[in-house]
Structure formats: C-alpha cells, structure tokens
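S.K.: This is the structure I want to talk about, given as structure tokens.
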Amino acid sequence: MKKENFVKIQVQALSSNEAFVRNAVAAFCLSIDPTVDQLSDVKTAVSEAITNSVIHAYGGNGGLIEIDLLLVARVLHIEIRDFGQGADDIEAIRKPFFTTKPDEERSGMGFTIMESFMDELTLSKTDGGGLTIKMVKNFDNN
Amino acid sequence: MKVKHRFLKGVLYMSLEGELDESKALYTRGQMETSFDCYDMGKVVIDLSNLSFMDSTGIGVLIGRFKKLKERGVTVVIANPSRSIDKILTLSGVYTLMPKVEY
C-alpha cells in the first residue's frame with residue numbers, strides 16, 4: 001500500500017504570507033528526502049501561485065487562499081485555490097509574458113515558471129469564482 | 001532582504017541579499033534607485049551571490065531598473081545567481097538585456 005500524507009493550509013492573501021506558504025510546503029516535503037534543487041523548484045512555483053492570487057485575484061486587498069498538499073509516495077500534489085477575480089481565458093494567462101499589469105513591472109512569467117519547475121500544471125475555475133492551480137512534482141524525476 | 005552597494009572606479013556593485021518576492025519588491029526597488037541616484041557610474045554589477053530566493057516579481061524589479069539605467073546609458077550585468085534563479089532569468093530572457101558574468 002502506498003503511503004499517503006496530507007496538509008491543508010488556509011491563509012490571508014497577503015504578500016507577507018508568501019514566505020510562510022513556500023517554506024511550509026518545503027517543510028512538508030522534507031520527509032521524502034528531496035534534493036536542495038527540487039525543494040527550491042517547488043518553493044519558486046508555490047511563490048508564483050500565491051503571488052498570483054495576492055495580486056491578480058484579490059488586487060492586494062486580501063482574501064482567502066486554500067492550499068492542499070498531498071504526498072503519495074514520492075509524488076507531491078499541490079492545489080492552490082482562490083475565490084477572487086479569476087480569469088476569463090485561462091489558457092491566455094499561461095502564455096509567457098502575458099500580463100494584465102505591465103505598468104506595475106509585472107513580468108508575466110509566473111505560469112511559465114510554474115510549468116517549467118513542476119512536472120504538471122493545470123488551471124481551472126474555482127466553483128463560485130476564482131482560480132484553482134494544480135501542480136504535481138515527482139521527486140523521483142530530476 | 002538587504003541591498004548593499006559599493007562604488008569602485010566607475011562601477012556600482014549592488015549586492016541583493018535575502019529573499020526577493022512580492023513583499024520585498026517595493027523596498028528593493030527603492031533601495032536600488034536611491035543608490036543609482038548617488039553615483040555617476042558607467043556600469044552596474046548586480047551580484048546575486050547572497051540572494052537565496054527570487055520569483056518572477058524579481059524579474060520585474062530587475063527589468064524595471066534596467067530600463068531606467070539604459071536611459072542614462074548605463075550597462076547592467078548580473079553575477080552569481082543560484083541555480084533556480086539562473087533558471088528563471090534564462091527562461092524570461094533577462095540575460096539578453098543584462099548578461100551574466102563571473103565575478
């Protein structure tokens with residue numbers, strides 16, 4: 001039987017919580033003995049997702065972000081949900097350099113970075129509005 | 001997050017230290033701009049040796065500073081990024097504006 005483990009986190013959508021969330025996710029992964037590079041990839045991807053909710057979903061005004069972590073053997077599943085503004089075209093926002101806020105020095109690279117640092121990325125609309133980001137990292141891959 | 005600088009023979013060396021994410025972007029931007037205003041340099045070296053974390057917010061900060069320095073005719077290079085920061089900078093094409101150098 002596969003060993004499973006999970007953690008659920010709810011945070012206020014504030015940029016000052018980004019470090020907490022990415023470090024909590026990293027700490028959760030420590031039990032499966034990841035490499036430093038793998039941990040740093042996961043932290044970067046999580047930080048991108050949280051920044052996205054803080055800035056785009058809630059416009060910096062705060063709101064609820066839910067983070068579900070599930071470890072099945074050496075595969076990490078992360079689901080990050082917000083209940084904010086969402087996006088009309090969830091394919092468009094994945095494209096490199098796509099940003100709705102170019103005047104605020106936004107690079108538009110968030111989803112491209114999540115995609116390249118994780119093994120899988122899927123976007124969907126949260127029930128009742130908002131965006132849900134699902135990511136998978138297999139720690140048996142490099 | 002700390003921003004340190006040192007001016008030597010026309011070159012401004014800036015060291016970004018700590019974790020650069022959304023919560024530290026405004027502060028970092030401000031610290032960098034203040035240093036830029038103080039010196040008449042031909043070149044800026046942004047040293048990332050002690051930057052332990054950066055996400056795409058950092059890309060915005062770096063490109064924003066690059067644009068302002070370019071208007072002044074100042075060249076900018078980036079030194080010593082960690083492996084994952086290097087990956088982000090490569091992905092986003094930052095090195096085409098600010099080449100990576102060894103120091």
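Each chain of the structure tokens is named A, B, ... in the order shown, its residues numbered from 1; ligands are numbered from 1 in display order.
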Find the spatial neighbours of Ser56 (chain B), counting only C-alpha atoms, within a cut-off of 10 Å - ignore same-chain residues fewer than 5 positions away - and output them as a list in words.

M.R.: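 Listed by chain and then number, they are Thr44, Ala45, Ser47, Glu48, Thr51, Arg106, Ser107, Gly108, Met109, Gly110, Phe111, Thr112 and Ile113 of chain A; Leu20, Asp21, Glu22, Val61, Leu62, Ile85, Ile88, Leu89 and Ser92 of chain B.
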
S.K.: Within 7 Å of Leu64 (chain A), counting only C-alpha atoms, which residues qualify if same-chain residues fewer than 6 places away don't, as a ChimeraX atom specification?

M.R.: /A:10-13,82-83

S.K.: Write the residues you've just listed into a file as a PDB file, in the first residue's frame, and include N, CA and C atoms for each of them.

M.R.:
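Done, and the output landed in again_12.pdb:
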ATOM      1  N   GLN A  10      -4.890  27.330   5.143  1.00  0.00           N
ATOM      2  CA  GLN A  10      -5.686  28.479   4.695  1.00  0.00           C
ATOM      3  C   GLN A  10      -4.945  29.736   5.111  1.00  0.00           C
ATOM      4  N   VAL A  11      -4.749  30.656   4.172  1.00  0.00           N
ATOM      5  CA  VAL A  11      -4.068  31.906   4.537  1.00  0.00           C
ATOM      6  C   VAL A  11      -4.781  33.111   3.959  1.00  0.00           C
ATOM      7  N   GLN A  12      -4.565  34.217   4.608  1.00  0.00           N
ATOM      8  CA  GLN A  12      -4.976  35.513   4.085  1.00  0.00           C
ATOM      9  C   GLN A  12      -4.055  35.842   2.901  1.00  0.00           C
ATOM     10  N   ALA A  13      -4.636  36.346   1.805  1.00  0.00           N
ATOM     11  CA  ALA A  13      -3.858  36.645   0.603  1.00  0.00           C
ATOM     12  C   ALA A  13      -3.052  37.929   0.768  1.00  0.00           C
ATOM     13  N   ASP A  82      -8.064  30.165  -5.052  1.00  0.00           N
ATOM     14  CA  ASP A  82      -8.546  31.432  -4.517  1.00  0.00           C
ATOM     15  C   ASP A  82      -9.985  31.632  -4.972  1.00  0.00           C
ATOM     16  N   PHE A  83     -10.613  32.642  -4.402  1.00  0.00           N
ATOM     17  CA  PHE A  83     -12.035  32.885  -4.681  1.00  0.00           C
ATOM     18  C   PHE A  83     -12.213  34.323  -5.151  1.00  0.00           C
TER      19      PHE A  83
END

S.K.: Identify, on the basis of only C-alpha atoms, every residue whose closest approach to region 127-137 of chain A does not exceed 6 Å; exclude the query and any residue fewer than 2 positions from it along the same chain; express the result as an MDAnalysis selection string.

M.R.: chainID A and resid 75:86 118:125

S.K.: Distance CA of Pro96 (chain A)-CA of Asn61 (chain A), one decimal place?

M.R.: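 Answer for the CA of Pro96 (chain A) to CA of Asn61 (chain A) separation: 25.8 Å.
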
S.K.: Please report, as a ChimeraX atom specification, each residue of region 39-122 of chain A to which DSSP assigns helix (DSSP H, G or I) when run on this structure's backbone.

M.R.: /A:39-57,92-94,102-104,110-117
